[in-house]
Amino acid sequence: MQFTLDLFDELRVEPPAPAPVAPKAIAPQGPSLPAVPLSDTLRPARFVHPRATREAVLGHAHVAYEFARGKRRTIGFVVGAEGLSVRAPRWVALRDVDAALQEKAGWIVRKLDEAQQRHERLESARIEWKDGARFPFLGEPVVLRLDPRHAFDGVGAMLDAEPGEGGVRELRLSVANNATTAQIRDAAQAWLMRQAKRLFQERLTLYAPQLGVRWTKMSLSNAATRWGSASADGAIRLNWRLVHYRLPVIDYVVVHELAHLRVMDHSPRFWETVESVVPDYGALRQQLKDEPVPRW
């Protein structure tokens with residue numbers, strides 16, 4: 001379900017200016033109307049969880065949220081892609097839940113608003129798989145071109161070495177001009193995954209000696225919520241969609257997973273290990289959170 005956040009009234013079309021009138025025809029002006037308070041021009045935001053069972057007014061927002069009771073000691077709030085979920089102990093009265101919601105109203109509405117904005121960014125980044133589609137590769141925009149005349153040495157695609165019109169490089173796919181959306185998407189994904197495998201292996205080989213670790217194998221992941229993982233036996237898994245990001249961001253994830261071969265948790269010692277190789281890991285980590293990967 002998509003959540004909507006309507007902040008302003010619909011745009012009003014101003015009527016055309018009246019034609020000039022002679023001074024004698026001008027009617028006397030009546031008293032000025034009072035100014036409309038800004039708060040009255042705002043529509044209240046509304047956030048609706050698809051499994052909502054209760055609703056609350058938090059500030060200027062109406063929030064329909066999922067509510068459940070369970071074996072826990074405190075009231076908990078979770079804001080996710082679907083909206084707000086509230087969990088409470090069985091012995092807590094509903095009035096206490098309502099009071100807790102009001103106490104955390106500012107935080108809840110801010111997080112819901114951030115989730116809504118992120119959803120909108122994700123939707124705006126959705127790729128339309130056709131000739132002329134655009135998506136980022138290593139942080140730079142690439143334009144997709146269907147080029148059925150070439151086989152490109154059996155690899156199915158080729159990225160132009162130099163930018164074309166508009167200063168953007170073109171990725172040429174050897175698929176038919178009447179190829180379906182799925183065929184175009186699959187051909188582009190196959191090329192991106194080949195680039196990801198080659199690049200990730202290079203970066204692992206570069207950074208492993210700096211951390212004093214040894215990786216044994218690397219495989220590509222298609223996980224929805226994880227960028228990578230590491231096993232104690234030296235196996236590394238990296239999400240192939242990382243190739244959409246700039247190389248420094250990819251390097252942060254590579255170093256993050258290699259660091260787990262030394263420290264298998266996220267303790268201060270782990271982050272010190274990451275920082276020893278990627279001093280600005282904090283900014284790069286934030287970039288992963290703030291910049292959505294294109295929707296496929």
# chains A, B, ... in the order shown; residues from 1 in each chain; ligands from 1
call {"tool": "residues_around", "arguments": {"residues": "His150 in chain A", "least_positions_apart": "2", "cutoff": "9 Å", "atoms": "only C-alpha atoms", "output": "list in words"}}
result
Asp147, Pro148, Phe152, Asp153, Gly156, Ala157, Arg172, Leu173, Ser174 and Val175 of chain A
call {"tool": "residues_around", "arguments": {"residues": "range 71-87 of chain A", "least_positions_apart": "3", "cutoff": "7 Å", "atoms": "only C-alpha atoms", "output": "count of residues only"}}
result
11
call {"tool": "atom_distance", "arguments": {"atom1": "CA of Arg203 in chain A", "atom2": "CA of Pro141 in chain A"}}
result
21.9 Å
call {"tool": "closest_atom_pairs", "arguments": {"of": "range 69-104 of chain A", "to": "range 54-59 of chain A", "cutoff": "8 Å", "atoms": "only C-alpha atoms", "output": "CSV"}}
result
residue,atom,partner,partner_atom,distance
A:Asp98,CA,A:Ala56,CA,7.6
A:Leu101,CA,A:Leu58,CA,7.6
A:Gln102,CA,A:Leu58,CA,6.3
call {"tool": "write_last_selection", "arguments": {"atoms": "C-alpha atoms", "output": "mmCIF file, in the first residue's frame"}}
result
data_model
loop_
_atom_site.group_PDB
_atom_site.id
_atom_site.type_symbol
_atom_site.label_atom_id
_atom_site.label_comp_id
_atom_site.auth_asym_id
_atom_site.auth_seq_id
_atom_site.Cartn_x
_atom_site.Cartn_y
_atom_site.Cartn_z
ATOM 1 C CA ASP A 98 -2.378 6.437 23.889
ATOM 2 C CA LEU A 101 1.949 7.686 21.534
ATOM 3 C CA GLN A 102 1.398 11.328 22.410
#
call {"tool": "residues_around", "arguments": {"residues": "Leu288 in chain A", "least_positions_apart": "3", "cutoff": "10 Å", "atoms": "only C-alpha atoms", "output": "ChimeraX atom specification"}}
result
/A:227,242,245,249-250,252-253,283-285,291-293
call {"tool": "write_last_selection", "arguments": {"atoms": "N, CA, C and O atoms", "output": "PDB file, in the first residue's frame"}}
result
ATOM      1  N   TRP A 227      23.285  -5.711   2.339  1.00  0.00           N
ATOM      2  CA  TRP A 227      24.282  -5.422   1.315  1.00  0.00           C
ATOM      3  C   TRP A 227      25.383  -6.478   1.276  1.00  0.00           C
ATOM      4  O   TRP A 227      26.057  -6.621   0.258  1.00  0.00           O
ATOM      5  N   LEU A 242      25.008  -3.272  -5.601  1.00  0.00           N
ATOM      6  CA  LEU A 242      25.977  -2.261  -5.173  1.00  0.00           C
ATOM      7  C   LEU A 242      26.645  -1.579  -6.364  1.00  0.00           C
ATOM      8  O   LEU A 242      27.169  -0.471  -6.219  1.00  0.00           O
ATOM      9  N   TYR A 245      26.200   2.091  -7.098  1.00  0.00           N
ATOM     10  CA  TYR A 245      26.798   3.143  -6.274  1.00  0.00           C
ATOM     11  C   TYR A 245      28.227   3.469  -6.706  1.00  0.00           C
ATOM     12  O   TYR A 245      28.873   2.692  -7.421  1.00  0.00           O
ATOM     13  N   VAL A 249      31.648   3.865  -2.003  1.00  0.00           N
ATOM     14  CA  VAL A 249      30.575   3.207  -1.253  1.00  0.00           C
ATOM     15  C   VAL A 249      30.737   1.693  -1.330  1.00  0.00           C
ATOM     16  O   VAL A 249      30.588   0.983  -0.327  1.00  0.00           O
ATOM     17  N   ILE A 250      31.057   1.186  -2.512  1.00  0.00           N
ATOM     18  CA  ILE A 250      31.299  -0.250  -2.672  1.00  0.00           C
ATOM     19  C   ILE A 250      32.465  -0.683  -1.799  1.00  0.00           C
ATOM     20  O   ILE A 250      32.403  -1.720  -1.116  1.00  0.00           O
ATOM     21  N   TYR A 252      33.456   0.604   0.962  1.00  0.00           N
ATOM     22  CA  TYR A 252      33.049   0.555   2.371  1.00  0.00           C
ATOM     23  C   TYR A 252      32.386  -0.785   2.693  1.00  0.00           C
ATOM     24  O   TYR A 252      32.687  -1.416   3.712  1.00  0.00           O
ATOM     25  N   VAL A 253      31.473  -1.240   1.826  1.00  0.00           N
ATOM     26  CA  VAL A 253      30.780  -2.507   2.076  1.00  0.00           C
ATOM     27  C   VAL A 253      31.770  -3.670   2.026  1.00  0.00           C
ATOM     28  O   VAL A 253      31.711  -4.590   2.854  1.00  0.00           O
ATOM     29  N   ALA A 283      30.205   8.547   6.628  1.00  0.00           N
ATOM     30  CA  ALA A 283      29.520   9.259   5.550  1.00  0.00           C
ATOM     31  C   ALA A 283      29.097   8.297   4.444  1.00  0.00           C
ATOM     32  O   ALA A 283      28.010   8.435   3.863  1.00  0.00           O
ATOM     33  N   LEU A 284      29.942   7.316   4.149  1.00  0.00           N
ATOM     34  CA  LEU A 284      29.610   6.351   3.110  1.00  0.00           C
ATOM     35  C   LEU A 284      28.467   5.449   3.546  1.00  0.00           C
ATOM     36  O   LEU A 284      27.591   5.097   2.751  1.00  0.00           O
ATOM     37  N   ARG A 285      28.461   5.091   4.816  1.00  0.00           N
ATOM     38  CA  ARG A 285      27.367   4.290   5.361  1.00  0.00           C
ATOM     39  C   ARG A 285      26.045   5.042   5.277  1.00  0.00           C
ATOM     40  O   ARG A 285      25.004   4.476   4.925  1.00  0.00           O
ATOM     41  N   GLU A 291      20.568   7.299  -0.245  1.00  0.00           N
ATOM     42  CA  GLU A 291      20.422   7.223  -1.694  1.00  0.00           C
ATOM     43  C   GLU A 291      19.841   5.863  -2.076  1.00  0.00           C
ATOM     44  O   GLU A 291      20.519   4.840  -2.007  1.00  0.00           O
ATOM     45  N   PRO A 292      18.581   5.830  -2.485  1.00  0.00           N
ATOM     46  CA  PRO A 292      17.948   4.541  -2.798  1.00  0.00           C
ATOM     47  C   PRO A 292      18.522   3.912  -4.045  1.00  0.00           C
ATOM     48  O   PRO A 292      18.880   4.598  -5.001  1.00  0.00           O
ATOM     49  N   VAL A 293      18.635   2.611  -4.016  1.00  0.00           N
ATOM     50  CA  VAL A 293      19.046   1.890  -5.217  1.00  0.00           C
ATOM     51  C   VAL A 293      17.854   1.885  -6.173  1.00  0.00           C
ATOM     52  O   VAL A 293      16.695   1.878  -5.749  1.00  0.00           O
TER      53      VAL A 293
END
call {"tool": "select_by_dssp", "arguments": {"residues": "range 44-103 of chain A", "states": "helix (DSSP H, G or I)", "output": "ChimeraX atom specification"}}
result
/A:94-103
